[in-house]
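> This structure is in C-alpha cells; I'll ask about it shortly.
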Amino acid sequence: MAAAGSGRRRLEARFVGRVPCEACGRAPMKLPGDLGGLCIACYAGERQAESRRAAGAGGFVPANFATATCLACASTDVDANGYLYWCNACRYVVRVAQ
Ligand SMILES: [Zn+2]
Ligand SMILES: [Zn+2]
C-alpha cells in the first residue's frame, strides 16, 4: 500500500466542475478521490474515513483542511479546482494534491 495521502494526483482540469461526483453523483467533482473525482463534501468524507483507518492501524495521514464548510470562518462559499481548495469568504486556501 502506498503511503496514505502522499503524492495524491490532482484532478484533471477538464473534469473539474463538469463531471458528476463519482461517489454521490449529485454535485460536480472538484477534487481527486481514491477511485475518481469527488465533490468537496465526498472528498472530506473520504479523508475522514482514511484517517480512521490509519488510526486503527496505528498510522497517520495528513489532516484534511478541505471541507464543505470552511474551517476558518464556517462559510459554505467554498470551491476547488482539482488541486487547490479555497474559501471565497475569508480567502483561506489550501493545496490538497500535487
Ligand atoms: Zn459527492
Ligand atoms: Zn472561510
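Ordering of the C-alpha cells sets the chain letters (A, B, ...), residue numbers begin anew at 1 in every chain, and ligands are numbered from 1 in the order given.
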As a list in words, please: every protein or nucleic acid residue near ligand 1 (cut-off 8 Å, counting only C-alpha atoms and all ligand atoms).
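Using only C-alpha atoms and all ligand atoms, everything at most 8 Å from ligand 1 comes to Pro20, Cys21, Glu22, Ala23, Cys24, Gly25, Arg26, Ala27, Pro28, Met29, Leu38, Cys39, Ile40, Ala41, Cys42 and Tyr43 of chain A.
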> Applying 8 Å and only C-alpha atoms, which residues near A:Ala66 remain after dropping the ones on its own chain fewer than 5 positions away? List them as a ChimeraX atom specification.
/A:40,43-44,71,85-86,94,96
> Selected residues, C-alpha atoms, written as a PDB file, in the first residue's frame, please.

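Result file again_13.pdb:
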```
ATOM      1  CA  ILE A  40     -15.909  18.688  -1.821  1.00  0.00           C
ATOM      2  CA  TYR A  43     -13.699  14.375  -0.566  1.00  0.00           C
ATOM      3  CA  ALA A  44     -13.916  15.390   3.096  1.00  0.00           C
ATOM      4  CA  LEU A  71     -12.665  25.521   8.766  1.00  0.00           C
ATOM      5  CA  TYR A  85      -9.324  24.345  -2.241  1.00  0.00           C
ATOM      6  CA  TRP A  86     -10.371  27.796  -1.130  1.00  0.00           C
ATOM      7  CA  VAL A  94      -5.064  25.007   0.867  1.00  0.00           C
ATOM      8  CA  VAL A  96      -4.732  19.255  -1.473  1.00  0.00           C
TER       9      VAL A  96
END
```
> Could you work out how far atom CA of A:Leu11 lies from atom CA of A:Arg95, giving the answer in Å with one decimal?
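Taking atom CA of A:Arg95 and atom CA of A:Leu11, their separation equals 12.2 Å.
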> So which residues are near ligand 2, meaning at most 9 Å away with only C-alpha atoms and all ligand atoms counted, given back as a PDB file with N, CA and C atoms, in the first residue's frame?

```
ATOM      1  N   THR A  69     -17.669  23.025   4.625  1.00  0.00           N
ATOM      2  CA  THR A  69     -17.782  24.262   5.393  1.00  0.00           C
ATOM      3  C   THR A  69     -16.373  24.720   5.744  1.00  0.00           C
ATOM      4  N   CYS A  70     -16.061  25.971   5.464  1.00  0.00           N
ATOM      5  CA  CYS A  70     -14.708  26.483   5.707  1.00  0.00           C
ATOM      6  C   CYS A  70     -14.303  26.302   7.170  1.00  0.00           C
ATOM      7  N   LEU A  71     -13.126  25.734   7.402  1.00  0.00           N
ATOM      8  CA  LEU A  71     -12.665  25.521   8.766  1.00  0.00           C
ATOM      9  C   LEU A  71     -12.256  26.828   9.426  1.00  0.00           C
ATOM     10  N   ALA A  72     -11.965  27.829   8.627  1.00  0.00           N
ATOM     11  CA  ALA A  72     -11.500  29.097   9.190  1.00  0.00           C
ATOM     12  C   ALA A  72     -12.654  30.018   9.584  1.00  0.00           C
ATOM     13  N   CYS A  73     -13.687  30.098   8.741  1.00  0.00           N
ATOM     14  CA  CYS A  73     -14.749  31.075   9.014  1.00  0.00           C
ATOM     15  C   CYS A  73     -16.149  30.471   8.981  1.00  0.00           C
ATOM     16  N   ALA A  74     -16.262  29.168   8.730  1.00  0.00           N
ATOM     17  CA  ALA A  74     -17.552  28.457   8.733  1.00  0.00           C
ATOM     18  C   ALA A  74     -18.460  28.825   7.560  1.00  0.00           C
ATOM     19  N   SER A  75     -17.931  29.523   6.549  1.00  0.00           N
ATOM     20  CA  SER A  75     -18.713  29.816   5.360  1.00  0.00           C
ATOM     21  C   SER A  75     -18.863  28.546   4.517  1.00  0.00           C
ATOM     22  N   THR A  76     -19.981  28.454   3.785  1.00  0.00           N
ATOM     23  CA  THR A  76     -20.135  27.325   2.859  1.00  0.00           C
ATOM     24  C   THR A  76     -19.817  27.773   1.433  1.00  0.00           C
ATOM     25  N   ASP A  77     -19.319  28.983   1.282  1.00  0.00           N
ATOM     26  CA  ASP A  77     -18.948  29.515  -0.035  1.00  0.00           C
ATOM     27  C   ASP A  77     -17.523  29.077  -0.353  1.00  0.00           C
ATOM     28  N   VAL A  78     -17.362  27.765  -0.576  1.00  0.00           N
ATOM     29  CA  VAL A  78     -16.038  27.205  -0.822  1.00  0.00           C
ATOM     30  C   VAL A  78     -16.010  26.581  -2.214  1.00  0.00           C
ATOM     31  N   TRP A  86     -10.391  26.473  -1.739  1.00  0.00           N
ATOM     32  CA  TRP A  86     -10.371  27.796  -1.130  1.00  0.00           C
ATOM     33  C   TRP A  86     -11.755  28.207  -0.648  1.00  0.00           C
ATOM     34  N   CYS A  87     -11.745  29.244   0.201  1.00  0.00           N
ATOM     35  CA  CYS A  87     -12.971  29.825   0.726  1.00  0.00           C
ATOM     36  C   CYS A  87     -13.105  31.217   0.140  1.00  0.00           C
ATOM     37  N   ASN A  88     -14.253  31.506  -0.464  1.00  0.00           N
ATOM     38  CA  ASN A  88     -14.459  32.820  -1.068  1.00  0.00           C
ATOM     39  C   ASN A  88     -14.707  33.900  -0.025  1.00  0.00           C
ATOM     40  N   ALA A  89     -15.115  33.510   1.165  1.00  0.00           N
ATOM     41  CA  ALA A  89     -15.452  34.489   2.198  1.00  0.00           C
ATOM     42  C   ALA A  89     -14.214  35.038   2.905  1.00  0.00           C
ATOM     43  N   CYS A  90     -13.253  34.169   3.235  1.00  0.00           N
ATOM     44  CA  CYS A  90     -12.107  34.633   4.037  1.00  0.00           C
ATOM     45  C   CYS A  90     -10.766  34.452   3.339  1.00  0.00           C
ATOM     46  N   ARG A  91     -10.776  33.944   2.095  1.00  0.00           N
ATOM     47  CA  ARG A  91      -9.550  33.797   1.294  1.00  0.00           C
ATOM     48  C   ARG A  91      -8.617  32.713   1.818  1.00  0.00           C
ATOM     49  N   TYR A  92      -9.165  31.813   2.628  1.00  0.00           N
ATOM     50  CA  TYR A  92      -8.405  30.652   3.092  1.00  0.00           C
ATOM     51  C   TYR A  92      -8.159  29.746   1.881  1.00  0.00           C
ATOM     52  N   VAL A  93      -6.919  29.333   1.682  1.00  0.00           N
ATOM     53  CA  VAL A  93      -6.580  28.475   0.547  1.00  0.00           C
ATOM     54  C   VAL A  93      -5.680  27.333   1.018  1.00  0.00           C
TER      55      VAL A  93
END
```
